[in-house]
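Next comes target-v4.csv, a file with CSV, C-alpha atoms.
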chain,number,residue,atom,x,y,z
A,150,MET,CA,8.2,7.7,55.2
A,151,MET,CA,11.2,6.6,57.2
A,152,LEU,CA,10.8,6.3,61.0
A,153,ARG,CA,12.9,8.8,62.9
A,154,ARG,CA,14.5,6.7,65.6
A,155,ASP,CA,15.3,9.6,67.9
A,156,ARG,CA,11.8,11.1,68.0
A,157,ALA,CA,10.1,7.7,68.3
A,158,MET,CA,12.4,6.7,71.2
A,159,VAL,CA,11.7,10.0,73.0
A,160,ALA,CA,7.9,9.4,72.5
A,161,VAL,CA,8.1,5.9,73.9
A,162,SER,CA,10.4,7.0,76.8
A,163,ILE,CA,7.9,9.8,77.7
A,164,VAL,CA,4.9,7.5,77.7
A,165,LEU,CA,6.8,4.9,79.8
A,166,ASP,CA,8.0,7.6,82.2
A,167,VAL,CA,4.5,8.8,82.7
A,168,ALA,CA,3.2,5.3,83.2
A,169,PHE,CA,6.0,4.4,85.6
A,170,HIS,CA,5.9,7.6,87.8
A,171,ALA,CA,2.2,8.5,87.9
A,172,GLY,CA,0.2,7.0,90.7
A,173,ARG,CA,-3.5,6.4,90.5
A,174,GLY,CA,-4.9,9.7,89.2
A,175,ALA,CA,-1.6,11.5,89.7
A,176,VAL,CA,0.1,13.6,87.0
A,177,VAL,CA,3.8,13.9,86.1
A,178,PRO,CA,5.2,17.4,85.5
A,179,ALA,CA,6.8,17.9,82.2
A,180,GLY,CA,9.9,19.3,83.9
A,181,ASP,CA,10.4,16.0,85.8
A,182,ILE,CA,10.0,14.0,82.7
A,183,ALA,CA,12.6,16.1,80.9
A,184,GLU,CA,15.0,15.9,83.7
A,185,ARG,CA,14.8,12.1,84.0
A,186,LEU,CA,15.2,11.8,80.2
A,187,GLY,CA,18.1,14.2,80.1
A,188,GLU,CA,16.3,16.4,77.6
A,189,ALA,CA,15.4,20.0,77.6
A,190,ARG,CA,11.8,20.7,78.6
A,191,ARG,CA,11.2,22.8,75.5
A,192,GLY,CA,12.7,20.0,73.4
A,193,ILE,CA,10.1,17.5,74.5
A,194,GLU,CA,7.1,19.8,74.4
A,195,PRO,CA,6.3,19.1,70.7
A,196,VAL,CA,6.4,15.4,71.5
A,197,LEU,CA,4.2,15.8,74.6
A,198,GLN,CA,1.7,17.9,72.5
A,199,ALA,CA,1.6,15.2,69.7
A,200,LEU,CA,1.0,12.5,72.3
A,201,SER,CA,-1.7,14.6,73.9
A,202,ARG,CA,-3.4,15.3,70.6
A,203,ALA,CA,-3.4,11.6,69.8
A,204,GLY,CA,-5.2,10.9,73.2
A,205,LEU,CA,-2.3,8.9,74.5
A,206,LEU,CA,-1.6,11.4,77.3
A,207,GLY,CA,-3.9,13.6,79.2
A,208,SER,CA,-2.8,16.9,80.6
A,209,THR,CA,-3.6,19.2,83.5
A,210,ARG,CA,-2.6,22.8,83.4
A,211,GLY,CA,-1.5,24.9,86.3
A,212,PRO,CA,1.2,24.8,89.0
A,213,LYS,CA,0.2,21.3,90.0
A,214,GLY,CA,-0.3,20.2,86.4
A,215,GLY,CA,1.4,17.6,84.4
A,216,TYR,CA,0.7,14.5,82.2
A,217,ARG,CA,-1.1,11.2,82.8
A,218,LEU,CA,-1.8,8.3,80.5
A,219,GLY,CA,-4.8,8.8,78.3
A,220,ARG,CA,-5.9,5.2,78.8
A,221,ALA,CA,-4.8,2.0,80.5
A,222,ALA,CA,-1.2,1.0,79.8
A,223,ARG,CA,-2.4,-2.5,78.7
A,224,ASP,CA,-4.5,-0.9,76.0
A,225,MET,CA,-1.7,1.3,74.5
A,226,ARG,CA,0.4,-0.2,71.8
A,227,LEU,CA,3.8,1.1,71.1
A,228,SER,CA,2.9,1.4,67.4
A,229,GLU,CA,0.3,4.0,68.4
A,230,VAL,CA,2.9,6.0,70.4
A,231,VAL,CA,5.3,6.0,67.4
A,232,ALA,CA,2.5,6.8,65.0
A,233,ALA,CA,1.6,9.9,67.1
A,234,VAL,CA,5.0,11.5,66.3
A,235,ARG,CA,5.4,10.4,62.7
A,236,GLY,CA,4.7,12.5,59.6
A,237,PRO,CA,3.4,16.0,59.3
A,238,GLU,CA,0.3,15.3,61.5
A,239,GLY,CA,2.7,14.2,64.3
A,240,GLY,CA,4.9,17.2,63.9
A,241,GLU,CA,7.8,15.4,62.3
A,242,GLU,CA,9.3,17.0,59.2
A,243,ALA,CA,9.2,14.9,56.1
A,244,ALA,CA,12.4,13.0,55.7
A,245,ALA,CA,14.7,14.0,52.8
A,246,GLU,CA,14.4,11.8,49.8
A,247,PRO,CA,17.5,9.7,49.2
A,248,ALA,CA,19.6,10.5,46.2
A,249,ALA,CA,18.0,9.1,43.1
A,250,SER,CA,20.2,6.3,41.8
A,251,ALA,CA,19.3,3.0,40.2
A,252,LEU,CA,20.8,1.1,43.1
A,253,GLY,CA,19.1,3.3,45.7
A,254,GLU,CA,15.7,3.0,44.1
A,255,ALA,CA,16.0,-0.7,43.3
A,256,VAL,CA,17.7,-2.0,46.5
A,257,VAL,CA,18.2,0.5,49.3
A,258,GLN,CA,14.8,2.2,49.4
A,259,PRO,CA,12.9,-1.1,49.4
A,260,LEU,CA,15.2,-2.5,52.1
A,261,TRP,CA,14.5,0.5,54.4
A,262,GLU,CA,10.7,0.1,53.7
A,263,GLU,CA,10.9,-3.6,54.5
A,264,LEU,CA,12.8,-3.0,57.8
A,265,GLU,CA,10.4,-0.2,58.8
A,266,ALA,CA,7.4,-2.6,58.2
A,267,GLN,CA,9.1,-5.2,60.4
A,268,LEU,CA,9.7,-2.6,63.1
A,269,VAL,CA,6.1,-1.4,63.0
A,270,ALA,CA,4.8,-5.0,63.2
A,271,ALA,CA,7.0,-5.6,66.3
A,272,LEU,CA,5.8,-2.4,67.9
A,273,GLU,CA,2.2,-3.5,67.3
A,274,GLN,CA,2.8,-6.5,69.5
A,275,LEU,CA,4.0,-4.5,72.5
A,276,THR,CA,2.1,-2.4,75.0
A,277,VAL,CA,3.2,0.1,77.6
A,278,ALA,CA,2.2,-2.5,80.2
A,279,ASP,CA,4.8,-4.9,78.6
A,280,LEU,CA,7.5,-2.2,79.1
A,281,LEU,CA,6.4,-1.7,82.8
A,282,ARG,CA,6.8,-5.5,83.3
A,283,ARG,CA,10.3,-5.3,81.8
A,284,ALA,CA,11.2,-2.4,84.2
A,285,THR,CA,10.0,-4.6,87.1
A,286,ALA,CA,12.0,-7.5,85.8
A,287,LYS,CA,15.1,-5.3,85.7
A,288,GLY,CA,14.6,-4.5,89.4
A,289,LEU,CA,13.2,-0.9,88.9
A,290,GLN,CA,10.6,0.0,91.5
A,291,ARG,CA,7.8,2.3,90.8
A,292,PRO,CA,7.4,5.2,93.3
A,293,THR,CA,4.7,4.5,95.8
A,294,PRO,CA,2.0,7.1,95.9
A,295,GLU,CA,1.5,9.0,99.1
A,296,ALA,CA,-1.2,7.6,101.3
A,297,LEU,CA,-4.3,9.7,101.5
A,298,ASN,CA,-4.8,11.3,104.9
A,299,PHE,CA,-8.3,12.1,105.8
A,300,ALA,CA,-7.5,13.4,109.3
A,301,ILE,CA,-8.5,16.9,110.0
The structure given in the file should be rewritten as structure tokens.
Amino acid sequence: MMLRRDRAMVAVSIVLDVAFHAGRGAVVPAGDIAERLGEARRGIEPVLQALSRAGLLGSTRGPKGGYRLGRAARDMRLSEVVAAVRGPEGGEEAAAEPAASALGEAVVQPLWEELEAQLVAALEQLTVADLLRRATAKGLQRPTPEALNFAI
């Protein structure tokens, strides 16, 4: 099945946004994620749900709810993020089959399958922590969590 670039990129962007903006034990509201990505909240909800079902994101309900990483960024491969939103189990509709032609079946379809395999192999080598390091290298600074105040 052909990888849907838009859905995969949204999934990776969401996981990176949560990793980047969540402090230790903090959650990131879905509305904030959607706003930073320039997407409608209801548009990213199916992706958030797929990522949560896959255990890549954890969620907290309620007025102070939101999303956090399901496990450490260093242990989360980008191939897992993309796999969470692929196929019927990830909520993605099956891609339409290309027009059946001799050239399409003999050349084009195998080419796309080869390119997809290369992409998946590259994603297998990258983790969310790698993307966080790239963000730091680009000069992006993670928000500092508010200091805990135990004064009464």
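Within 10 Å of the file-frame point (1.8, 11.4, 86.5), and using only C-alpha atoms, the polymer residues found are Asp166, Val167, Ala168, Phe169, His170, Ala171, Gly172, Arg173, Gly174, Ala175, Val176, Val177, Pro178, Ala179, Asp181, Ile182, Leu206, Gly207, Ser208, Thr209, Gly214, Gly215, Tyr216, Arg217 and Leu218 of chain A.
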What does the distance from CA of Lys287 (chain A) to CA of Gly204 (chain A) come to in Å, to one decimal?
-> 28.8 Å
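The neighbours of Met225 (chain A) here are the residues that come within 10 Å of it, using all atoms listed in the file and leaving out any residue fewer than 3 positions away in the same chain; they are Val164, Leu205, Leu218, Gly219, Arg220, Ala221, Ala222, Ser228, Glu229, Val230, Glu273, Leu275, Thr276, Val277, Ala278 and Asp279 of chain A.
Residue nearest Ala183 (chain A), chosen from A:Lys213, A:Ala232, A:Leu200, A:Ile163 and counting all atoms listed in the file: A:Ile163.
Distance check against Ser201 (chain A) using all atoms listed in the file: of A:Leu227, A:Val234, A:Val159, A:Leu165, the minimum falls on A:Val234.
When CA of Gly180 (chain A) is paired with CA of Thr285 (chain A), their separation reads 24.1 Å.
The coordinates place CA of Arg202 (chain A) at 20.7 Å from CA of Val269 (chain A).
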